file work_25.txt (compact mmCIF, C-alpha atoms and all ligand atoms)
# COMPACT_ATOMS: atom_id res chain seq x y z
CA MET W 346 114.23 62.35 148.04
CA THR W 347 110.65 61.76 146.99
CA GLY W 348 108.96 60.93 143.71
CA THR W 349 109.94 58.55 140.93
CA PRO W 350 113.63 58.69 140.01
CA VAL W 351 114.24 59.72 136.41
CA LYS W 352 116.29 57.17 134.45
CA LYS W 353 119.36 58.48 132.68
CA HIS W 354 117.92 58.46 129.15
CA GLU W 355 114.26 58.87 129.99
CA LYS W 356 112.62 61.83 128.26
CA ILE W 357 111.31 64.36 130.74
CA MET W 358 107.84 65.34 129.60
CA PRO W 359 107.13 69.05 129.91
CA PRO W 360 103.84 69.96 131.62
CA SER W 361 100.77 69.93 129.35
CA PRO W 362 99.83 73.31 127.92
CA PRO W 363 96.77 75.00 129.48
CA LEU W 364 93.29 73.78 128.48
CA THR W 365 92.58 77.29 127.23
CA ILE W 366 95.55 78.60 125.27
CA LYS W 367 95.50 82.39 125.11
CA ASP W 368 97.02 84.71 122.53
CA ARG W 369 96.95 87.80 124.74
CA GLU W 370 98.23 90.16 122.06
CA ARG W 371 95.44 89.33 119.62
CA GLY W 372 92.92 88.76 122.40
CA CYS W 373 91.89 85.33 121.13
CA SER W 374 91.92 81.90 122.72
CA TYR W 375 91.95 78.27 121.70
CA SER W 376 90.42 75.36 123.65
CA ARG W 377 92.52 72.24 123.68
CA VAL W 378 90.33 69.28 122.65
CA GLY W 379 92.73 66.49 121.75
CA PHE W 380 96.30 65.29 121.23
CA LEU W 381 97.51 64.76 117.63
CA GLY W 382 101.12 63.68 117.99
CA GLU W 383 104.61 64.66 118.96
CA GLY W 384 107.85 65.32 117.15
CA GLY W 385 111.42 66.27 118.04
CA PHE W 386 110.72 69.38 120.14
CA ALA W 387 107.00 69.82 119.76
CA ARG W 388 103.71 68.34 120.82
CA VAL W 389 100.74 68.93 118.55
CA TYR W 390 97.18 69.33 119.84
CA GLU W 391 93.79 69.72 118.23
CA VAL W 392 92.14 72.96 119.37
CA GLN W 393 89.02 74.99 118.64
CA ASP W 394 89.07 78.73 118.26
CA GLN W 395 86.29 80.97 119.58
CA ARG W 396 84.19 80.28 116.47
CA ALA W 397 84.57 76.52 117.05
CA THR W 398 86.85 76.18 114.00
CA ARG W 399 89.17 73.23 114.50
CA ARG W 400 92.90 73.77 114.15
CA ALA W 401 96.19 72.19 115.14
CA VAL W 402 98.52 73.89 117.64
CA LYS W 403 102.19 72.98 117.70
CA VAL W 404 103.52 73.61 121.21
CA VAL W 405 107.23 73.95 121.92
CA ASN W 406 108.19 74.04 125.58
CA LYS W 407 110.69 76.85 126.13
CA ALA W 408 112.72 74.74 128.57
CA SER W 409 113.47 72.34 125.68
CA ILE W 410 114.97 75.06 123.47
CA LYS W 411 117.39 76.62 125.90
CA THR W 412 120.40 76.59 123.58
CA LYS W 413 120.94 79.45 121.16
CA LYS W 414 121.11 76.96 118.29
CA ASN W 415 117.70 75.48 119.09
CA LYS W 416 116.13 78.92 119.50
CA THR W 417 117.53 80.05 116.14
CA LYS W 418 116.16 76.87 114.52
CA LEU W 419 112.67 77.44 115.91
CA TRP W 420 112.54 81.10 114.82
CA ALA W 421 113.79 80.13 111.38
CA GLU W 422 111.01 77.52 111.09
CA ILE W 423 108.42 80.10 112.10
CA LYS W 424 109.78 82.78 109.78
CA LEU W 425 109.87 80.48 106.76
CA HIS W 426 106.52 78.80 107.42
CA GLN W 427 104.86 82.23 107.87
CA MET W 428 106.13 83.28 104.42
CA LEU W 429 104.37 80.42 102.67
CA THR W 430 100.74 80.41 101.57
CA HIS W 431 99.79 77.62 99.21
CA PRO W 432 96.85 75.17 98.93
CA HIS W 433 99.24 72.23 99.43
CA ILE W 434 101.26 73.60 102.35
CA VAL W 435 99.90 73.40 105.90
CA ARG W 436 98.51 76.90 106.53
CA PHE W 437 100.26 78.87 109.27
CA ASP W 438 97.62 80.95 111.08
CA ASP W 439 99.16 82.44 114.18
CA CYS W 440 102.16 82.33 116.47
CA PHE W 441 102.53 83.55 120.04
CA GLU W 442 104.13 82.65 123.35
CA ASP W 443 103.55 82.64 127.09
CA ASP W 444 106.04 82.05 129.92
CA GLU W 445 106.22 78.28 129.27
CA ASN W 446 105.65 77.70 125.57
CA VAL W 447 105.80 78.93 122.01
CA TYR W 448 102.58 78.16 120.10
CA MET W 449 102.11 77.79 116.35
CA VAL W 450 98.49 77.66 115.20
CA LEU W 451 98.22 75.58 112.02
CA GLU W 452 95.62 74.26 109.66
CA LEU W 453 94.27 70.95 110.98
CA CYS W 454 94.95 67.97 108.74
CA ASP W 455 92.16 65.56 109.63
CA ASN W 456 93.59 62.46 108.02
CA GLY W 457 97.02 62.52 109.72
CA SER W 458 100.26 61.92 107.82
CA LEU W 459 100.85 59.84 104.69
CA MET W 460 103.24 57.76 106.84
CA ASP W 461 100.39 56.75 109.18
CA CYS W 462 98.22 56.04 106.17
CA LEU W 463 100.92 53.91 104.51
CA ARG W 464 101.25 51.84 107.71
CA ARG W 465 97.59 50.92 107.40
CA ARG W 466 97.53 50.50 103.63
CA LYS W 467 101.01 48.89 103.20
CA ARG W 468 101.32 50.55 99.77
CA PHE W 469 99.34 52.75 97.42
CA THR W 470 98.05 52.20 93.90
CA GLU W 471 99.66 54.06 90.98
CA PRO W 472 96.54 56.29 90.46
CA GLU W 473 96.68 57.35 94.12
CA ALA W 474 100.41 58.05 93.83
CA ARG W 475 99.73 60.27 90.77
CA PHE W 476 97.16 62.21 92.78
CA PHE W 477 99.51 62.73 95.76
CA LEU W 478 102.58 63.47 93.65
CA VAL W 479 101.03 66.25 91.56
CA GLN W 480 100.05 68.07 94.76
CA LEU W 481 103.43 67.53 96.40
CA ILE W 482 105.20 68.85 93.30
CA ALA W 483 102.93 71.92 93.17
CA ALA W 484 103.92 72.71 96.77
CA CYS W 485 107.60 72.15 95.95
CA GLN W 486 107.46 74.41 92.90
CA TYR W 487 105.96 77.13 95.04
CA MET W 488 108.55 76.72 97.83
CA HIS W 489 111.38 76.83 95.30
CA GLN W 490 109.90 79.97 93.68
CA MET W 491 109.95 81.49 97.16
CA ASN W 492 113.63 80.43 97.41
CA VAL W 493 112.85 77.93 100.16
CA ILE W 494 114.29 74.39 100.15
CA HIS W 495 112.24 72.14 102.43
CA ARG W 496 115.07 69.62 103.05
CA ASP W 497 112.94 67.13 104.95
CA LEU W 498 110.29 65.96 102.51
CA LYS W 499 109.13 62.53 103.63
CA LEU W 500 105.84 60.70 104.15
CA GLY W 501 105.79 61.71 107.84
CA ASN W 502 105.81 65.39 106.85
CA LEU W 503 103.07 65.09 104.23
CA PHE W 504 99.70 65.53 105.91
CA LEU W 505 96.25 64.75 104.55
CA ASP W 506 93.29 67.08 104.93
CA ALA W 507 89.66 65.96 105.22
CA ASN W 508 89.51 65.52 101.39
CA MET W 509 92.71 63.44 101.27
CA GLY W 510 94.52 66.46 99.78
CA VAL W 511 98.26 66.66 100.47
CA LYS W 512 99.60 69.40 102.76
CA VAL W 513 103.34 69.73 103.16
CA GLY W 514 104.23 70.48 106.79
CA ASP W 515 107.13 70.72 109.24
CA LEU W 516 109.42 73.45 107.92
CA GLY W 517 111.85 72.65 110.75
CA LEU W 518 114.79 71.96 108.41
CA ALA W 519 113.87 74.37 105.63
CA ALA W 520 116.43 76.84 104.34
CA LEU W 521 116.13 80.13 102.52
CA ILE W 522 118.42 80.73 99.55
CA GLU W 523 119.15 84.43 99.99
CA LYS W 524 121.42 84.97 97.00
CA PRO W 525 121.02 83.16 93.67
CA GLY W 526 123.51 80.32 93.47
CA ASP W 527 123.99 80.12 97.25
CA ARG W 528 124.57 76.60 98.48
CA LYS W 529 123.82 75.04 101.85
CA LYS W 530 126.39 73.01 103.74
CA THR W 531 124.58 71.73 106.82
CA ILE W 532 124.14 67.97 106.83
CA CYS W 533 120.48 67.49 107.60
CA GLY W 534 117.45 65.46 106.61
CA THR W 535 116.10 62.03 107.44
CA PRO W 536 118.43 59.10 106.59
CA ASN W 537 116.09 57.24 104.21
CA TYR W 538 115.24 60.37 102.23
CA ILE W 539 118.53 62.26 102.26
CA ALA W 540 120.12 63.16 98.91
CA PRO W 541 123.65 61.86 98.21
CA GLU W 542 125.18 65.33 97.75
CA VAL W 543 124.12 66.30 101.30
CA LEU W 544 126.14 63.39 102.65
CA PHE W 545 129.05 63.13 100.22
CA ASP W 546 129.59 66.54 98.66
CA THR W 547 129.81 68.66 101.75
CA ALA W 548 132.48 70.91 100.23
CA ASN W 549 130.24 71.93 97.33
CA GLY W 550 127.04 71.99 99.37
CA HIS W 551 123.49 71.34 98.19
CA SER W 552 120.51 73.22 96.81
CA PHE W 553 116.94 72.80 95.53
CA GLU W 554 117.68 69.42 93.88
CA VAL W 555 117.66 67.73 97.32
CA ASP W 556 113.87 68.15 97.38
CA VAL W 557 113.63 66.57 93.92
CA TRP W 558 115.56 63.54 95.23
CA SER W 559 113.12 63.25 98.15
CA VAL W 560 110.19 63.34 95.70
CA GLY W 561 111.73 60.28 94.03
CA VAL W 562 112.13 58.50 97.38
CA ILE W 563 108.53 59.39 98.25
CA LEU W 564 107.19 58.02 94.95
CA TYR W 565 109.12 54.76 95.41
CA THR W 566 107.88 54.46 99.00
CA LEU W 567 104.24 55.07 98.06
CA LEU W 568 104.35 52.33 95.40
CA ILE W 569 106.61 49.74 97.07
CA GLY W 570 105.69 50.33 100.71
CA LYS W 571 109.18 51.01 102.07
CA PRO W 572 111.93 53.50 101.17
CA PRO W 573 114.40 52.40 98.44
CA PHE W 574 117.59 52.47 100.53
CA GLN W 575 116.01 51.18 103.76
CA THR W 576 118.15 48.74 105.69
CA LYS W 577 119.10 47.83 109.23
CA ASP W 578 121.34 50.71 110.23
CA VAL W 579 121.99 54.28 109.19
CA LYS W 580 125.55 53.64 107.98
CA ALA W 581 124.31 50.89 105.67
CA ILE W 582 121.55 53.21 104.37
CA TYR W 583 124.20 55.84 103.52
CA LYS W 584 126.33 53.21 101.79
CA ARG W 585 123.38 52.21 99.64
CA ILE W 586 122.63 55.85 98.82
CA ARG W 587 126.25 56.38 97.80
CA GLU W 588 126.16 53.28 95.59
CA ASN W 589 122.65 54.13 94.33
CA ARG W 590 121.64 50.57 95.23
CA TYR W 591 117.90 49.82 95.26
CA GLU W 592 115.58 47.51 93.40
CA PHE W 593 112.01 47.12 92.24
CA PRO W 594 110.79 43.78 93.65
CA ALA W 595 109.15 41.91 90.74
CA GLU W 596 106.19 40.78 92.87
CA LYS W 597 105.17 44.42 93.43
CA GLN W 598 104.46 44.76 89.68
CA ILE W 599 105.34 48.44 89.37
CA SER W 600 104.69 49.80 85.87
CA GLN W 601 107.66 50.30 83.57
CA SER W 602 106.99 54.03 83.31
CA ALA W 603 106.90 54.44 87.12
CA GLN W 604 110.23 52.62 87.36
CA GLU W 605 111.72 54.85 84.66
CA LEU W 606 110.51 58.00 86.39
CA ILE W 607 111.89 56.91 89.78
CA MET W 608 115.25 55.94 88.24
CA SER W 609 115.54 59.30 86.48
CA ILE W 610 114.83 61.20 89.72
CA LEU W 611 117.17 59.11 91.87
CA ASN W 612 120.21 60.26 89.92
CA THR W 613 123.25 60.65 92.17
CA ASP W 614 124.28 63.74 90.21
CA PRO W 615 121.92 66.59 91.24
CA ASP W 616 122.49 68.38 87.92
CA LYS W 617 121.20 65.36 86.00
CA ARG W 618 117.96 65.05 87.98
CA PRO W 619 114.82 66.18 86.15
CA THR W 620 113.29 69.51 87.10
CA LEU W 621 109.92 69.49 88.88
CA GLU W 622 108.30 70.61 85.59
CA ALA W 623 109.94 67.72 83.71
CA ILE W 624 108.68 65.24 86.32
CA LEU W 625 105.12 66.51 85.84
CA SER W 626 105.31 65.97 82.09
CA HIS W 627 106.65 62.41 82.41
CA LYS W 628 104.58 59.78 80.64
CA TRP W 629 103.79 57.94 83.90
CA PHE W 630 101.27 60.67 84.74
CA PHE W 631 99.38 59.90 81.51
CA ASP W 632 99.83 56.13 81.58
CA GLY W 633 96.76 55.23 83.61
CA PRO W 634 93.87 56.64 85.65
CA PHE W 635 94.37 60.03 87.25
CA PRO W 636 91.73 60.40 89.98
CA SER W 637 90.34 63.88 90.62
CA TYR W 638 89.32 62.80 94.10
CA ILE W 639 90.40 60.16 96.62
CA PRO W 640 87.70 58.94 99.03
CA PRO W 641 88.60 58.99 102.76
CA SER W 642 87.98 55.20 102.74
CA ALA W 643 91.44 55.12 101.05
CA ASN W 644 92.80 55.53 104.59
CA ASP W 645 92.10 51.82 105.02
CA PHE W 646 91.39 50.25 101.59
CA ALA W 647 92.61 50.68 98.03
CA PRO W 648 89.97 52.58 96.02
CA ASP W 649 88.81 51.07 92.71
CA PHE W 650 89.62 53.46 89.86
CA SER W 651 88.86 51.02 87.05
P1 LIG U 701 107.98 65.96 113.54
O1 LIG U 701 108.65 66.79 114.58
O2 LIG U 701 107.79 64.50 113.90
O3 LIG U 701 108.53 66.10 112.15
P2 LIG U 701 105.65 67.61 113.96
O4 LIG U 701 106.27 68.10 115.21
O5 LIG U 701 105.36 68.61 112.90
O6 LIG U 701 106.47 66.43 113.37
O7 LIG U 701 104.31 66.87 114.30
C1 LIG U 701 104.23 65.79 115.18
C2 LIG U 701 102.95 64.98 114.90
O8 LIG U 701 101.80 65.80 115.13
C3 LIG U 701 102.81 64.55 113.45
O9 LIG U 701 103.43 63.33 113.22
C4 LIG U 701 101.30 64.45 113.29
O10 LIG U 701 100.82 63.22 113.78
C5 LIG U 701 100.79 65.57 114.16
N1 LIG U 701 100.57 66.82 113.39
C6 LIG U 701 101.48 67.80 113.14
N2 LIG U 701 100.94 68.81 112.44
C7 LIG U 701 99.64 68.49 112.25
C8 LIG U 701 98.53 69.14 111.60
N3 LIG U 701 98.67 70.33 111.03
N4 LIG U 701 97.33 68.50 111.60
C9 LIG U 701 97.19 67.28 112.18
N5 LIG U 701 98.18 66.62 112.81
C10 LIG U 701 99.40 67.20 112.86
call {"tool": "encode", "arguments": {"input": "work_25.txt", "output": "structure tokens", "more": "lines below"}}
Ligand code: ADP
result
Amino acid sequence: MTGTPVKKHEKIMPPSPPLTIKDRERGCSYSRVGFLGEGGFARVYEVQDQRATRRAVKVVNKASIKTKKNKTKLWAEIKLHQMLTHPHIVRFDDCFEDDENVYMVLELCDNGSLMDCLRRRKRFTEPEARFFLVQLIAACQYMHQMNVIHRDLKLGNLFLDANMGVKVGDLGLAALIEKPGDRKKTICGTPNYIAPEVLFDTANGHSFEVDVWSVGVILYTLLIGKPPFQTKDVKAIYKRIRENRYEFPAEKQISQSAQELIMSILNTDPDKRPTLEAILSHKWFFDGPFPSYIPPSANDFAPDFS
């Protein structure tokens, strides 16, 4: 035997995609110019098309999606993402495959994810949170009108374009509600952001209100710097979600109206949560500065809106 032995749990990295990625059907090509990040199944690269327009390409190695279940999931993500065109959803430009990979050509979000930004900033100001939330809710309203539930709204799936505008991405867990009143029963999401009915009302299932819950978790996280139910292990997170146990640390000095809005959204009963429209008309949005623009310097420092 030659070469380095692979340890039992070590992730086997698929070969890098070609430097020139070709969509043979459309006769266009993309030059790979950088690496942006990696997720569960995919690696994401920055590319330039033939007109030197920069884009992101999400590459899924076919060897990593051998099971029928994984293939179905990927095609569902592509189908749903392709359906959606909205200023606050990552634009889906093209999709093709070669022998090794499936490629999704996406709008490039220059300023990375809100999660990366939060790591640098620690927390955001209330005016910034208003700016981000209005855009996130607009994207959610549109998805819900299109009968799509995102089901994995979290800071890591909210990307920022060159103007610090929010773009919702990663439709990997999204579901289409095909008949009015249909409910979904698959337990999915990310522990810190998952709505209680997904975990504890599996018989009845869940619907659009799970995204509203995640909007509440996102708002809390933007203002406090960590998710409300965060704790050392997943079981303990679920226990806290079930008990609706979270607090607003006094030293963080969150406004009363922000606290009220978050508490109203994080209602364990999905039917008692506010609608997206009701959230937008909450007094918190009118309780202080509402910036029309966030400077890219906000990636590192709190802007002064006074
Ligand atoms: P995950 O599987 O972690 O939910 P993705 O597979 O969608 O996320 O993306 C992995 C990483 O690639 C992201 O965390 C981000 O850093 C980067 N990325 C994804 N999409 C884009 C994009 N459109 N523009 C810029 N960076 C992106």
call {"tool": "residues_near_ligand", "arguments": {"input": "work_25.txt", "ligand": "ligand LIG 701 (chain U)", "cutoff": "10 Å", "atoms": "all atoms listed in the file", "output": "short mmCIF file (atom, residue, chain, number, x, y, z; two decimals) with C-alpha atoms, in the frame of the given file"}}
result
data_model
loop_
_atom_site.label_atom_id
_atom_site.label_comp_id
_atom_site.auth_asym_id
_atom_site.auth_seq_id
_atom_site.Cartn_x
_atom_site.Cartn_y
_atom_site.Cartn_z
CA PHE W 380 96.30 65.29 121.23
CA LEU W 381 97.51 64.76 117.63
CA GLY W 382 101.12 63.68 117.99
CA GLU W 383 104.61 64.66 118.96
CA GLY W 384 107.85 65.32 117.15
CA GLY W 385 111.42 66.27 118.04
CA PHE W 386 110.72 69.38 120.14
CA ALA W 387 107.00 69.82 119.76
CA ARG W 388 103.71 68.34 120.82
CA VAL W 389 100.74 68.93 118.55
CA TYR W 390 97.18 69.33 119.84
CA GLU W 391 93.79 69.72 118.23
CA ARG W 399 89.17 73.23 114.50
CA ARG W 400 92.90 73.77 114.15
CA ALA W 401 96.19 72.19 115.14
CA VAL W 402 98.52 73.89 117.64
CA LYS W 403 102.19 72.98 117.70
CA VAL W 404 103.52 73.61 121.21
CA VAL W 405 107.23 73.95 121.92
CA ILE W 434 101.26 73.60 102.35
CA VAL W 435 99.90 73.40 105.90
CA ARG W 436 98.51 76.90 106.53
CA PHE W 437 100.26 78.87 109.27
CA MET W 449 102.11 77.79 116.35
CA VAL W 450 98.49 77.66 115.20
CA LEU W 451 98.22 75.58 112.02
CA GLU W 452 95.62 74.26 109.66
CA LEU W 453 94.27 70.95 110.98
CA CYS W 454 94.95 67.97 108.74
CA ASP W 455 92.16 65.56 109.63
CA ASN W 456 93.59 62.46 108.02
CA GLY W 457 97.02 62.52 109.72
CA SER W 458 100.26 61.92 107.82
CA LEU W 459 100.85 59.84 104.69
CA MET W 460 103.24 57.76 106.84
CA ASP W 461 100.39 56.75 109.18
CA ASP W 497 112.94 67.13 104.95
CA LEU W 498 110.29 65.96 102.51
CA LYS W 499 109.13 62.53 103.63
CA LEU W 500 105.84 60.70 104.15
CA GLY W 501 105.79 61.71 107.84
CA ASN W 502 105.81 65.39 106.85
CA LEU W 503 103.07 65.09 104.23
CA PHE W 504 99.70 65.53 105.91
CA LEU W 505 96.25 64.75 104.55
CA ASP W 506 93.29 67.08 104.93
CA LYS W 512 99.60 69.40 102.76
CA VAL W 513 103.34 69.73 103.16
CA GLY W 514 104.23 70.48 106.79
CA ASP W 515 107.13 70.72 109.24
CA LEU W 516 109.42 73.45 107.92
CA GLY W 517 111.85 72.65 110.75
CA LEU W 518 114.79 71.96 108.41
CA THR W 535 116.10 62.03 107.44
#
call {"tool": "atom_distance", "arguments": {"input": "work_25.txt", "atom1": "CA of Asp632 (chain W)", "atom2": "CA of Asp645 (chain W)"}}
result
25.1 Å
call {"tool": "closest_residue", "arguments": {"input": "work_25.txt", "among": "W:Ile607, W:Ile410, W:Leu478, W:Ile639", "to": "Pro359 (chain W)", "atoms": "all atoms listed in the file"}}
result
W:Ile410
call {"tool": "atom_distance", "arguments": {"input": "work_25.txt", "atom1": "CA of Glu473 (chain W)", "atom2": "CA of Gly561 (chain W)"}}
result
15.3 Å
call {"tool": "residues_around", "arguments": {"input": "work_25.txt", "residues": "Cys485 (chain W)", "least_positions_apart": "5", "cutoff": "10 Å", "atoms": "all atoms listed in the file", "output": "list in words"}}
result
His433, Ile434, Val479, Gln480, Gln490, Met491, Val493, Ile494, His495, Leu498, Val513, Phe553, Asp556, Val557, Val560 and Leu621 of chain W
